[in-house]
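A.B. asks: Have a look at the structure that comes next, please.
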Amino acid sequence: IAGVAAAVKARAAAAGRTVRVIGVQAANSAAYPSSLAAGEPLTVETSPTIADGIAVARPGDIPFEVISELVDEVVTVTDDDIARALLVLLERAKQVVEPAGAVGVAAILSGKVTATGPTAVILSGGNIDPLLLQRVVAHGLAASGRYMTLQIPLPDRPGQLARVSELLSIAGANVIEVLHTRHGQGLLIPVDTDELYAREPVQNSFGVTSHTKGAIKVNGVLALEGRGEKVENAGAH
């Protein structure tokens with residue numbers, strides 16, 4: 001960003017125009033906000049991030065001087081923000097961008113930067129492993145409320161899965177996968193007598209994975225809570 005800021009600010013000054021340059025870092029590895037506040041490069045503790053291309057613990061001395069003078073602001077975005085941005089770029093712009101190259105879009109979509117007037121975002125790099133891309137897409141769908149997995153303990157009676165399917169249909173979601181088991185912690189243990197069965201029915205655990213084109217109405221899906229069932233949103237695979 002130091003080179004971009006120098007070129008853009010020089011071109012704008014020559015044209016008699018004013019331009020703002022905003023930098024974006026991954027929140028898990030953001031050395032610039034604290035360094036700029038301190039007025040000198042600082043070493044910060046970093047955490048893993050999908051934007052490994054911009055994960056630095058300490059700003060370089062020369063870039064720091066340029067950025068301090070020419071960059072107007074540096075904001076941070078989470079990995080969830082980046083995943084949503086990558087998904088939008090794939091779906092809307094048909095662009096395959098690496099996580100570090102999508103942080104600018106993530107900043108706008110998350111509201112960290114308000115785009116006023118003509119605004120340009122640099123998409124820098126498409127170096128992303130296909131397996132990581134697959135995981136990021138699934139994570140982005142989950143973060144935007146379009147992909148979710150529910151773990152639902154239900155009585156072992158006819159029609160229970162139909163009830164779940166009905167609620168998912170009302171929420172506008174499609175069922176991708178259903179995992180049914182009678183074994184697991186927290187489920188009632190099967191008994192042999194009709195009397196005990198009537199009083200404490202056997203439980204099944206249903207794992208339901210669903211997706212939708214728009215955000216899933218989670219409150220509608222979790223309406224089973226109000227009917228006496230325990231529903232856990234387990235997120236994406």
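Chains: A, B, ... in order of the structure tokens. Residues: from 1 per chain. Ligands: from 1, in order shown.
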Tell me, as a list in words, which residues lie within 7 Å of Ile128 (chain A), counting only C-alpha atoms; anything in the same chain fewer than 3 positions away does not count.
C.D. replies: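 The neighbour list is Glu98, Leu132 and Leu133 of chain A.
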A.B. asks: Enumerate the residues of region 1-199 of chain A with a DSSP assignment of helix (DSSP H, G or I), computed from the backbone, and present them as a ChimeraX atom specification.
C.D. replies: /A:2-14,27-29,32-38,52-54,61-70,79-93,99-109,130-143,160-170,194-199
A.B. asks: For Ile22 (chain A), find every residue with an atom within 9 Å (counting only C-alpha atoms), except residues of its own chain fewer than 4 positions away, and show them as number ranges by chain.
C.D. replies: A: 1, 5, 71-75, 104, 113
A.B. asks: Determine, using only C-alpha atoms, which residues of region 97-117 of chain A have any atom at most 9 Å from an atom of region 52-67 of chain A, and tabulate each with its shortest atom pair and distance in Å to one decimal place, rows ordered by chain and then rising number, as a tab-separated table.
C.D. replies:
```
residue	atom	partner	partner_atom	distance
A:Glu98	CA	A:Gly53	CA	8.5
A:Pro99	CA	A:Asp52	CA	7.7
A:Ala100	CA	A:Gly53	CA	5.4
A:Gly101	CA	A:Gly53	CA	8.2
```
A.B. asks: Would you put the residues from that selection into a file with N, CA and C atoms, as an mmCIF file, in the first residue's frame?
C.D. replies:
```cif
data_model
loop_
_atom_site.group_PDB
_atom_site.id
_atom_site.type_symbol
_atom_site.label_atom_id
_atom_site.label_comp_id
_atom_site.auth_asym_id
_atom_site.auth_seq_id
_atom_site.Cartn_x
_atom_site.Cartn_y
_atom_site.Cartn_z
ATOM 1 N N GLU A 98 -7.455 -14.150 -3.709
ATOM 2 C CA GLU A 98 -6.954 -14.713 -2.460
ATOM 3 C C GLU A 98 -7.450 -13.879 -1.283
ATOM 4 N N PRO A 99 -7.503 -14.456 -0.078
ATOM 5 C CA PRO A 99 -8.050 -13.724 1.072
ATOM 6 C C PRO A 99 -7.385 -12.367 1.318
ATOM 7 N N ALA A 100 -6.067 -12.314 1.216
ATOM 8 C CA ALA A 100 -5.376 -11.052 1.461
ATOM 9 C C ALA A 100 -5.756 -9.992 0.427
ATOM 10 N N GLY A 101 -6.119 -10.421 -0.776
ATOM 11 C CA GLY A 101 -6.475 -9.472 -1.822
ATOM 12 C C GLY A 101 -7.909 -8.996 -1.753
#
```
A.B. asks: What are the nearest atom pairs, with distances in Å to one decimal, for all residues of region 102-163 of chain A that come at most 12 Å from region 26-42 of chain A, using only C-alpha atoms, set out by chain and rising residue number as CSV?
C.D. replies:
```
residue,atom,partner,partner_atom,distance
A:Ala102,CA,A:Ala26,CA,10.3
A:Val103,CA,A:Ala26,CA,7.3
A:Gly104,CA,A:Ala26,CA,10.3
A:Ala106,CA,A:Ala26,CA,9.9
A:Ala107,CA,A:Ala26,CA,9.9
A:Lys112,CA,A:Ala27,CA,11.9
```
A.B. asks: With N, CA and C atoms retained, could you export that selection as a compact mmCIF listing (two decimals), in the first residue's frame?
C.D. replies:
```txt
# COMPACT_ATOMS: atom_id res chain seq x y z
N ALA A 102 -8.70 -9.61 -0.87
CA ALA A 102 -10.13 -9.26 -0.78
C ALA A 102 -10.46 -8.42 0.44
N VAL A 103 -9.46 -8.02 1.21
CA VAL A 103 -9.74 -7.29 2.45
C VAL A 103 -10.37 -5.92 2.19
N GLY A 104 -10.05 -5.30 1.06
CA GLY A 104 -10.65 -4.01 0.74
C GLY A 104 -12.15 -4.13 0.54
N ALA A 106 -13.93 -6.54 1.78
CA ALA A 106 -14.45 -6.91 3.09
C ALA A 106 -14.70 -5.68 3.96
N ALA A 107 -13.81 -4.69 3.87
CA ALA A 107 -13.96 -3.48 4.67
C ALA A 107 -15.21 -2.70 4.29
N LYS A 112 -16.80 -1.10 7.66
CA LYS A 112 -15.61 -0.47 8.25
C LYS A 112 -15.17 0.75 7.44
```
A.B. asks: Which of these residues is nearest to Ala171 (chain A), using only C-alpha atoms: A:Gly145, A:Gly159, A:Pro153, A:Gly16?
C.D. replies: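 Ranked by minimum distance to Ala171 (chain A), first place goes to A:Gly145.
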A.B. asks: Can you work out which one of A:Leu123, A:Met148, A:Ile170, A:Ile108 has the shortest atom-to-atom distance to Ala93 (chain A), counting only C-alpha atoms?
C.D. replies: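 Using only C-alpha atoms, Ala93 (chain A) sits closest to A:Leu123.
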A.B. asks: Find, counting only C-alpha atoms, the residue in A:Leu70, A:Val164, A:Ile176, A:Ile50 that gets nearest to Ala10 (chain A).
C.D. replies: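 Looking only at the distances to Ala10 (chain A), the closest residue turns out to be A:Leu70.
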A.B. asks: Between A:Lys9, A:Arg84, A:Arg163, A:Arg157, which residue has the minimum interatomic distance to Val21 (chain A), considering only C-alpha atoms?
C.D. replies: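 Selected residue with least distance to Val21 (chain A): A:Lys9.
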A.B. asks: Just how far from CA of Arg146 (chain A) is CA of Gly23 (chain A), in Å to one decimal?
C.D. replies: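 Those two atoms sit 29.2 Å apart.
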A.B. asks: Report, in Å with one decimal, the straight-line distance from CA of Leu87 (chain A) to CA of Ala115 (chain A).
C.D. replies: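 Distance reported for this atom pair: 19.7 Å.
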A.B. asks: Can you tell me how far CA of Ala85 (chain A) sits from CA of Ala2 (chain A), in Å to one decimal?
C.D. replies: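 These atoms are spaced 23.2 Å apart.
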